[in-house]
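The data block below is model23.txt; it holds compact mmCIF, C-alpha atoms and all ligand atoms.
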# COMPACT_ATOMS: atom_id res chain seq x y z
CA MET O 1 -15.35 -1.36 -24.04
CA SER O 2 -16.16 1.79 -22.08
CA GLU O 3 -13.25 3.90 -20.88
CA ILE O 4 -12.57 4.45 -17.18
CA SER O 5 -13.09 8.14 -16.48
CA LEU O 6 -12.01 10.11 -13.42
CA ASP O 7 -13.64 13.32 -14.66
CA GLY O 8 -14.56 15.65 -11.80
CA ARG O 9 -12.45 13.75 -9.28
CA VAL O 10 -9.74 15.42 -7.20
CA ALA O 11 -6.66 13.37 -6.37
CA ILE O 12 -3.52 13.71 -4.27
CA VAL O 13 -0.49 11.63 -5.22
CA THR O 14 2.38 11.79 -2.71
CA GLY O 15 5.98 11.48 -3.85
CA ALA O 16 4.72 12.22 -7.36
CA GLY O 17 7.74 14.17 -8.60
CA ARG O 18 9.44 11.10 -10.02
CA GLY O 19 9.29 7.35 -10.37
CA LEU O 20 6.04 5.56 -9.66
CA GLY O 21 4.27 8.59 -8.18
CA ARG O 22 4.91 10.62 -11.32
CA ALA O 23 3.48 7.82 -13.46
CA HIS O 24 0.40 7.58 -11.21
CA ALA O 25 -0.17 11.36 -11.35
CA LEU O 26 0.10 11.38 -15.16
CA ALA O 27 -2.25 8.39 -15.42
CA LEU O 28 -4.92 9.88 -13.12
CA ALA O 29 -4.72 13.26 -14.90
CA SER O 30 -4.98 11.58 -18.31
CA ARG O 31 -8.32 10.08 -17.13
CA GLY O 32 -9.67 13.48 -16.13
CA ALA O 33 -8.72 13.80 -12.46
CA THR O 34 -7.41 17.07 -11.08
CA VAL O 35 -4.14 16.17 -9.36
CA VAL O 36 -2.22 17.62 -6.42
CA VAL O 37 1.33 16.56 -7.23
CA ASN O 38 3.06 16.32 -3.86
CA ASP O 39 6.81 15.83 -3.57
CA ARG O 40 9.19 17.39 -1.08
CA GLY O 41 12.18 16.51 -3.25
CA GLY O 42 15.42 15.26 -1.82
CA ALA O 43 17.80 12.36 -2.13
CA LEU O 44 16.79 8.71 -1.99
CA ASP O 45 17.66 8.53 1.72
CA GLY O 46 15.32 11.43 2.49
CA SER O 47 18.03 14.05 3.01
CA SER O 48 17.02 17.32 1.44
CA ASP O 49 19.68 18.38 -1.03
CA GLU O 50 17.67 18.90 -4.18
CA ALA O 51 14.71 21.01 -5.30
CA SER O 52 11.33 19.32 -5.57
CA PRO O 53 10.56 17.83 -8.98
CA ALA O 54 6.80 18.32 -8.42
CA GLU O 55 6.64 21.44 -10.64
CA GLN O 56 8.01 19.51 -13.60
CA VAL O 57 5.27 16.89 -13.35
CA VAL O 58 2.63 19.60 -13.05
CA ALA O 59 4.03 21.16 -16.24
CA GLU O 60 3.80 17.78 -18.01
CA ILE O 61 0.18 17.32 -16.92
CA ARG O 62 -0.76 20.85 -18.02
CA ALA O 63 1.01 20.41 -21.36
CA ALA O 64 -1.15 17.34 -21.95
CA GLY O 65 -4.29 19.40 -21.23
CA GLY O 66 -4.80 18.29 -17.64
CA THR O 67 -5.23 20.17 -14.36
CA ALA O 68 -2.65 19.94 -11.58
CA VAL O 69 -0.97 21.87 -8.81
CA ALA O 70 2.39 21.25 -7.15
CA ASP O 71 2.94 20.83 -3.42
CA THR O 72 6.21 20.39 -1.55
CA ASN O 73 5.03 19.51 1.94
CA ASP O 74 6.52 16.62 3.87
CA VAL O 75 4.02 13.76 4.31
CA SER O 76 5.67 12.43 7.45
CA SER O 77 3.83 14.67 9.93
CA LEU O 78 0.13 15.31 10.46
CA GLU O 79 0.87 19.02 10.01
CA GLY O 80 2.41 18.51 6.56
CA ALA O 81 -0.32 16.06 5.57
CA THR O 82 -3.05 18.48 6.66
CA SER O 83 -1.51 21.24 4.53
CA ILE O 84 -1.55 18.98 1.45
CA VAL O 85 -5.19 18.02 1.98
CA GLU O 86 -6.16 21.66 2.64
CA LEU O 87 -4.56 22.66 -0.66
CA ALA O 88 -6.78 20.16 -2.47
CA THR O 89 -9.99 21.03 -0.66
CA SER O 90 -9.48 24.80 -0.69
CA MET O 91 -8.55 24.92 -4.39
CA TYR O 92 -10.88 22.28 -5.76
CA GLY O 93 -13.58 21.87 -3.09
CA ARG O 94 -13.24 18.13 -2.57
CA LEU O 95 -10.88 15.17 -2.29
CA ASP O 96 -11.79 11.85 -3.88
CA ILE O 97 -8.54 9.97 -4.40
CA LEU O 98 -5.43 9.65 -2.24
CA VAL O 99 -2.44 7.71 -3.52
CA ASN O 100 0.09 7.18 -0.72
CA ASN O 101 3.33 6.59 -2.58
CA ALA O 102 6.12 8.78 -1.09
CA GLY O 103 9.08 6.82 0.17
CA ILE O 104 12.76 6.76 1.06
CA LEU O 105 15.38 4.07 1.62
CA ARG O 106 18.02 3.74 4.35
CA ASP O 107 19.11 0.12 4.01
CA LYS O 108 21.34 -1.36 6.73
CA SER O 109 21.87 -4.89 7.97
CA PHE O 110 20.04 -5.38 11.27
CA ALA O 111 23.29 -5.66 13.24
CA LYS O 112 24.27 -2.14 12.11
CA LEU O 113 20.81 -0.53 12.11
CA THR O 114 20.54 2.65 14.20
CA GLU O 115 17.70 5.05 14.98
CA GLU O 116 18.99 7.21 12.10
CA GLU O 117 17.95 4.48 9.67
CA TRP O 118 14.85 3.33 11.54
CA ASN O 119 12.94 6.50 12.45
CA PRO O 120 12.91 8.42 9.13
CA VAL O 121 11.96 5.33 7.11
CA LEU O 122 9.06 4.53 9.42
CA ALA O 123 8.09 8.22 9.50
CA VAL O 124 7.89 8.66 5.71
CA HIS O 125 6.35 5.33 4.66
CA LEU O 126 4.11 4.40 7.58
CA GLY O 127 3.71 7.87 9.11
CA GLY O 128 3.12 9.40 5.67
CA THR O 129 0.43 6.84 4.84
CA VAL O 130 -1.28 7.20 8.21
CA TRP O 131 -1.16 11.01 8.46
CA MET O 132 -2.24 11.56 4.86
CA SER O 133 -5.15 9.16 5.33
CA LYS O 134 -6.03 10.77 8.67
CA ALA O 135 -6.01 14.25 7.10
CA ALA O 136 -8.09 13.08 4.11
CA TRP O 137 -10.58 11.02 6.14
CA PRO O 138 -12.98 13.80 7.30
CA ALA O 139 -13.44 15.14 3.75
CA MET O 140 -14.04 11.64 2.41
CA VAL O 141 -16.45 10.75 5.23
CA GLU O 142 -18.39 13.96 4.62
CA GLN O 143 -18.64 13.18 0.91
CA GLY O 144 -19.53 9.55 1.63
CA TYR O 145 -16.93 8.66 -0.96
CA GLY O 146 -13.22 8.06 -1.21
CA ARG O 147 -10.55 5.91 -2.80
CA ILE O 148 -7.20 5.38 -1.06
CA VAL O 149 -4.38 3.43 -2.71
CA ASN O 150 -1.39 2.62 -0.50
CA THR O 151 2.02 1.31 -1.48
CA THR O 152 3.45 -1.75 0.19
CA SER O 153 6.40 -3.86 -0.95
CA ALA O 154 7.71 -7.37 -1.37
CA ALA O 155 10.13 -6.48 1.46
CA GLY O 156 7.17 -6.06 3.81
CA ILE O 157 5.55 -9.30 2.74
CA PHE O 158 8.56 -11.59 2.34
CA GLY O 159 11.39 -9.68 4.08
CA ASN O 160 14.63 -8.55 2.44
CA PHE O 161 18.22 -8.39 3.64
CA GLY O 162 19.10 -4.95 5.01
CA GLN O 163 15.49 -3.76 5.07
CA ALA O 164 14.15 -4.38 8.59
CA ASN O 165 13.13 -0.69 8.72
CA TYR O 166 11.57 -0.58 5.26
CA GLY O 167 10.01 -4.05 5.61
CA ALA O 168 8.45 -3.12 8.96
CA ALA O 169 6.96 0.05 7.51
CA LYS O 170 5.63 -1.72 4.41
CA ALA O 171 4.13 -4.62 6.40
CA ALA O 172 2.46 -2.10 8.71
CA ILE O 173 0.99 -0.36 5.66
CA TRP O 174 -0.65 -3.69 4.78
CA GLY O 175 -2.20 -3.78 8.27
CA VAL O 176 -3.36 -0.17 8.04
CA THR O 177 -4.88 -0.88 4.61
CA LYS O 178 -6.94 -3.78 5.97
CA THR O 179 -8.23 -1.82 8.97
CA LEU O 180 -9.04 1.39 7.07
CA ALA O 181 -10.92 -0.74 4.52
CA ILE O 182 -13.07 -2.13 7.35
CA GLU O 183 -13.64 1.30 8.93
CA GLY O 184 -14.15 3.06 5.59
CA ALA O 185 -16.74 0.63 4.22
CA ARG O 186 -19.72 2.37 5.84
CA HIS O 187 -18.59 5.72 4.38
CA GLY O 188 -18.01 4.57 0.80
CA ILE O 189 -14.25 4.80 1.29
CA HIS O 190 -12.34 1.96 -0.38
CA VAL O 191 -8.76 1.31 0.69
CA ASN O 192 -6.40 -1.00 -1.20
CA ALA O 193 -2.65 -1.34 -1.70
CA ILE O 194 -0.24 -2.14 -4.49
CA GLU O 195 2.97 -4.09 -4.18
CA PRO O 196 4.79 -2.64 -7.20
CA GLY O 197 7.86 -3.51 -9.21
CA ALA O 198 9.30 -0.82 -11.48
CA ARG O 199 12.52 0.73 -12.69
CA THR O 200 13.07 3.89 -10.63
CA ARG O 201 16.03 5.38 -8.79
CA MET O 202 15.02 3.11 -5.87
CA THR O 203 15.54 -0.07 -7.89
CA GLU O 204 17.80 0.92 -10.78
CA ASN O 205 20.61 -1.43 -9.78
CA LEU O 206 18.44 -4.37 -8.79
CA LEU O 207 16.37 -5.39 -11.78
CA GLY O 208 18.88 -7.01 -14.14
CA GLU O 209 18.22 -7.62 -17.80
CA TYR O 210 14.47 -6.94 -17.65
CA ALA O 211 14.82 -3.46 -16.11
CA ASP O 212 13.69 -1.77 -19.34
CA ARG O 213 10.49 -3.82 -19.32
CA LEU O 214 9.56 -2.52 -15.88
CA ASP O 215 8.42 0.98 -16.72
CA PRO O 216 6.54 2.69 -13.85
CA SER O 217 3.70 3.47 -16.27
CA LEU O 218 2.89 -0.27 -16.29
CA VAL O 219 1.97 -0.05 -12.59
CA SER O 220 -0.32 3.00 -12.83
CA PRO O 221 -3.25 1.32 -14.65
CA VAL O 222 -3.96 -0.62 -11.45
CA VAL O 223 -3.86 2.61 -9.43
CA ALA O 224 -6.27 4.21 -11.92
CA TRP O 225 -8.72 1.31 -11.65
CA LEU O 226 -8.53 1.19 -7.83
CA SER O 227 -9.22 4.96 -7.90
CA ALA O 228 -12.36 4.59 -10.01
CA GLU O 229 -15.90 4.76 -8.65
CA ALA O 230 -16.79 1.53 -10.44
CA CYS O 231 -14.17 -0.45 -8.53
CA GLU O 232 -16.00 -2.15 -5.64
CA THR O 233 -12.90 -3.82 -4.21
CA THR O 234 -11.54 -2.86 -0.79
CA GLY O 235 -8.92 -4.22 1.60
CA GLU O 236 -6.88 -6.02 -1.05
CA VAL O 237 -3.25 -5.95 -2.14
CA TYR O 238 -2.10 -6.32 -5.75
CA ASN O 239 1.33 -7.25 -7.00
CA VAL O 240 1.90 -5.24 -10.17
CA GLY O 241 4.85 -4.69 -12.44
CA GLY O 242 5.99 -5.12 -16.02
CA GLY O 243 2.38 -5.59 -17.17
CA ARG O 244 1.43 -8.39 -14.76
CA VAL O 245 -1.21 -7.89 -12.08
CA ALA O 246 -2.09 -10.42 -9.37
CA ARG O 247 -3.97 -10.36 -6.08
CA VAL O 248 -1.77 -11.13 -3.07
CA VAL O 249 -3.61 -13.36 -0.62
CA ILE O 250 -3.08 -14.68 2.88
CA ALA O 251 -3.60 -18.42 3.01
CA GLN O 252 -3.60 -21.00 5.77
CA THR O 253 -2.82 -24.68 5.51
CA PRO O 254 -5.59 -27.05 6.65
CA GLY O 255 -3.50 -27.42 9.83
CA TYR O 256 -3.65 -30.00 12.59
CA PHE O 257 -6.22 -30.12 15.41
CA SER O 258 -6.28 -31.77 18.79
CA ALA O 259 -8.50 -30.59 21.64
CA ALA O 260 -5.70 -31.62 24.04
CA LEU O 261 -2.70 -30.30 22.04
CA THR O 262 0.75 -31.16 23.46
CA PRO O 263 4.23 -30.08 22.30
CA GLU O 264 4.76 -33.66 21.07
CA ASP O 265 1.59 -33.45 18.97
CA VAL O 266 3.02 -30.32 17.37
CA ARG O 267 6.36 -32.06 16.69
CA GLU O 268 4.77 -35.22 15.28
CA ASN O 269 2.43 -33.26 13.00
CA TRP O 270 4.86 -30.52 11.98
CA ALA O 271 5.08 -31.70 8.36
CA THR O 272 1.29 -32.00 8.09
CA LEU O 273 0.51 -28.58 9.49
CA ASN O 274 3.19 -26.98 7.30
CA ASP O 275 1.94 -28.69 4.13
CA PRO O 276 0.34 -26.05 1.85
CA ALA O 277 -1.73 -28.67 0.00
CA GLY O 278 -5.36 -27.73 0.45
CA ALA O 279 -4.50 -24.27 1.84
CA GLN O 280 -7.37 -21.81 1.81
CA VAL O 281 -7.41 -18.05 1.39
CA MET O 282 -8.22 -16.30 4.67
CA VAL O 283 -10.16 -13.11 4.11
CA SER O 284 -10.91 -12.11 7.71
CA PHE O 285 -10.30 -13.07 11.30
CA GLN O 286 -13.97 -14.07 11.47
CA ARG O 287 -13.29 -16.68 8.77
CA GLU O 288 -10.22 -17.88 10.67
CA PHE O 289 -12.34 -18.30 13.80
CA GLU O 290 -15.08 -20.14 11.86
CA VAL O 291 -12.53 -22.78 10.82
CA LEU O 292 -11.64 -23.40 14.48
CA VAL O 293 -15.29 -23.39 15.54
CA GLY O 294 -15.98 -26.00 12.83
CA MET O 295 -13.30 -28.26 14.33
CA LEU O 296 -14.46 -27.67 17.89
CA SER O 297 -18.06 -28.49 17.02
CA ALA O 298 -17.00 -31.62 15.10
CA GLU O 299 -15.04 -32.70 18.20
CA ALA O 300 -18.03 -31.98 20.42
CA ALA O 301 -20.25 -34.09 18.15
CA ILE O 302 -17.77 -37.01 18.38
CA ASP O 303 -17.62 -36.67 22.17
CA ALA O 304 -21.41 -36.73 22.33
CA GLY O 305 -21.43 -39.82 20.11
CA THR O 306 -23.65 -38.17 17.51
P1 LIG A 401 11.44 7.30 -6.00
O1 LIG A 401 12.56 7.56 -5.07
O2 LIG A 401 11.68 7.42 -7.47
O3 LIG A 401 10.18 8.20 -5.65
C1 LIG A 401 9.81 8.48 -4.33
C2 LIG A 401 9.43 9.95 -4.25
O4 LIG A 401 8.95 10.25 -2.93
C3 LIG A 401 10.62 10.88 -4.51
O5 LIG A 401 10.33 11.76 -5.58
C4 LIG A 401 10.81 11.63 -3.19
O6 LIG A 401 11.25 12.97 -3.35
C5 LIG A 401 9.41 11.54 -2.59
N1 LIG A 401 9.44 11.69 -1.13
C6 LIG A 401 10.29 11.10 -0.26
N2 LIG A 401 10.02 11.47 1.00
C7 LIG A 401 8.97 12.32 0.94
C8 LIG A 401 8.22 13.03 1.93
N3 LIG A 401 8.53 12.92 3.23
N4 LIG A 401 7.19 13.80 1.53
C9 LIG A 401 6.88 13.91 0.20
N5 LIG A 401 7.56 13.27 -0.77
C10 LIG A 401 8.59 12.49 -0.41
O7 LIG A 401 10.94 5.81 -5.67
P2 LIG A 401 9.82 4.87 -6.36
O8 LIG A 401 10.46 3.59 -6.73
O9 LIG A 401 9.01 5.61 -7.35
O10 LIG A 401 8.93 4.54 -5.06
C11 LIG A 401 7.59 4.94 -4.91
C12 LIG A 401 6.94 4.04 -3.87
O11 LIG A 401 6.88 2.70 -4.33
C13 LIG A 401 7.68 4.00 -2.52
O12 LIG A 401 6.76 3.94 -1.46
C14 LIG A 401 8.45 2.69 -2.62
O13 LIG A 401 8.78 2.17 -1.35
C15 LIG A 401 7.45 1.83 -3.36
N6 LIG A 401 8.01 0.65 -4.01
C16 LIG A 401 8.72 0.79 -5.15
C17 LIG A 401 9.20 -0.36 -5.78
C18 LIG A 401 9.92 -0.28 -7.09
O14 LIG A 401 10.12 -1.34 -7.71
N7 LIG A 401 10.32 0.89 -7.55
C19 LIG A 401 8.97 -1.62 -5.23
C20 LIG A 401 8.24 -1.72 -4.06
C21 LIG A 401 7.74 -0.57 -3.47
The structure in this file should be written as structure tokens.
Amino acid sequence: MSEISLDGRVAIVTGAGRGLGRAHALALASRGATVVVNDRGGALDGSSDEASPAEQVVAEIRAAGGTAVADTNDVSSLEGATSIVELATSMYGRLDILVNNAGILRDKSFAKLTEEEWNPVLAVHLGGTVWMSKAAWPAMVEQGYGRIVNTTSAAGIFGNFGQANYGAAKAAIWGVTKTLAIEGARHGIHVNAIEPGARTRMTENLLGEYADRLDPSLVSPVVAWLSAEACETTGEVYNVGGGRVARVVIAQTPGYFSAALTPEDVRENWATLNDPAGAQVMVSFQREFEVLVGMLSAEAAIDAGT
């Protein structure tokens, strides 16, 4: 089996001073990538009361024989994001891989949620992902090559109590991932996302008896593969944690169709249209439309008596 190599590639990993980002940075460096280790430091809620741990990760990478540089810019503005990208391109002449991982938490039940919990969480997760990608895009377009790996969450896909802010940001990252994959295709830029599960300071009280099995380093192999030139995949989301990897799909039930749909039709067929038996994976809105067109044309054929 040939080894996946990232030799000659230049990567940025945001929020790489600890937790999942640190594991991703170590993994990419161990496969030969030069890594910009970005982390502004700070507490879990994003308040800045602690020095950045980025230097420590850079020291680890260098001790293992790799190449890395630390960066402490804030990803949540285009200005900060541009500085991070300029560090990579001015020092190393290119940018091949962007791992958008930086994040904070400000959980509050929706009834108590204020702008103080909403704005910073959206700014770091969604803003950070968008501004970093925006800053990296021109270099990747010019090269005709790029790999972007975003970080979404179960909270964005399924919802979670007290996480309307975080869930909104993470669901939006899914949407951004899909659209950038479509826009990046013609430039050789592949954009995917992970939905991770790992023991970090973000989750340390949530994982129960299997916490020790959920080392962040068990998430990074997926990031390394999605960062590789040989990986053709784009626009997908992978659930990964504790050694398990699975593609997350959007599916639709076969549904119910009537060309003259009434509210009573909907009520009478509610169980049928909610039944997941026979559900199919929907990969694009074109595919969704094809399903409807198939039903409309079948109806037209019946009407015409053919
Ligand atoms: P973590 O708190 O250990 O790491 C996040 C890092 O991001 C921190 O080092 C922090 O200093 C940095 N950071 C925060 N704001 C920043 C900013 N504005 N600019 C630059 N750096 C900043 O948390 P983690 O669990 O490793 O989370 C990493 C990512 O994975 C986050 O996006 C998180 O939402 C996501 N995630 C984690 C889990 C999990 O199980 N741990 C599950 C789902 C999603």
query: Which residues come within 8 Å of Gly235 of chain O, counting all atoms listed in the file, excluding same-chain residues fewer than 3 positions away, as a ChimeraX atom specification?
result: /O:177-182,190-193
Using the file's own x, y and z axes, what box holds all listed atoms of segment 90-99 of chain O with 8 Å on each side, keeping edges along x, y and z, and what are its centre and edge lengths in Å to one decimal, as lines of an AutoDock Vina configuration file?
center_x = -8.0
center_y = 16.3
center_z = -3.2
size_x = 27.1
size_y = 33.2
size_z = 21.1
query: Using only C-alpha atoms and all ligand atoms, which of the listed residues (O:Asn205, O:Thr253, O:Asn101, O:Ser2) sits closest to ligand LIG 401 (chain A)?
result: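 Counting only C-alpha atoms and all ligand atoms, the residue closest to ligand LIG 401 (chain A) is O:Asn101.
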query: What is the distance, in Å and to one decimal place, between atom CA of Gly188 of chain O and atom CA of Val69 of chain O?
result: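 A separation of 26.1 Å between them.
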- request: For ligand LIG 401 (chain A), list the contacting residues at 6 Å or closer, counting only C-alpha atoms and all ligand atoms, as JSON, numbers by chain.
  value: {"O": [14, 15, 16, 17, 18, 19, 20, 21, 39, 40, 41, 42, 44, 46, 74, 75, 76, 101, 102, 103, 104, 124, 151, 152, 153, 195, 196, 197, 198, 199, 200, 201, 202, 203]}
task: Name the closest residue to Asn119 of chain O among the candidates O:Asp45, O:Glu142, O:Glu79, O:Glu86; distances are taken between atoms, counting all atoms listed in the file.
output: O:Asp45
task: Give me, please, the distance in Å between atom CA of Arg62 of chain O and atom CA of Gly242 of chain O, quoted to one decimal.
output: 26.9 Å
- prompt: atom CA of Arg31 of chain O and atom CA of His125 of chain O, how far apart in Å?
  reply: 26.7 Å
task: Point out the residue among O:Ala54, O:Ala259, O:Ile12, O:Leu207 with the least atom-to-atom distance to Asn150 of chain O, counting all atoms listed in the file.
output: O:Ile12
task: Considering only C-alpha atoms, state which residue in the set O:Gln280, O:Thr67, O:Ser133, O:Thr34 is at the smallest distance from Val249 of chain O.
output: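 Closest candidate: O:Gln280.
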message: Ranking O:Thr72, O:Val237, O:Ala169, O:Leu218 by minimum distance to Glu50 of chain O and counting only C-alpha atoms, which one comes first?
response: O:Thr72
Determine, for each residue of segment 12-126 of chain O having at least one atom at most 10 Å from an atom of segment 171-174 of chain O, the closest pair of atoms and their separation in Å to one decimal, counting only C-alpha atoms; order by chain and ascending number, as a tab-separated table.
residue	atom	partner	partner_atom	distance
O:Asn100	CA	O:Ile173	CA	9.9
O:Leu122	CA	O:Ala172	CA	9.4
O:His125	CA	O:Ile173	CA	7.9
O:Leu126	CA	O:Ile173	CA	6.0
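Here the question is which of O:Leu113, O:Met140, O:Ala228, O:Ala43 gets nearest to Val85 of chain O using all atoms listed in the file, and that residue is O:Met140.
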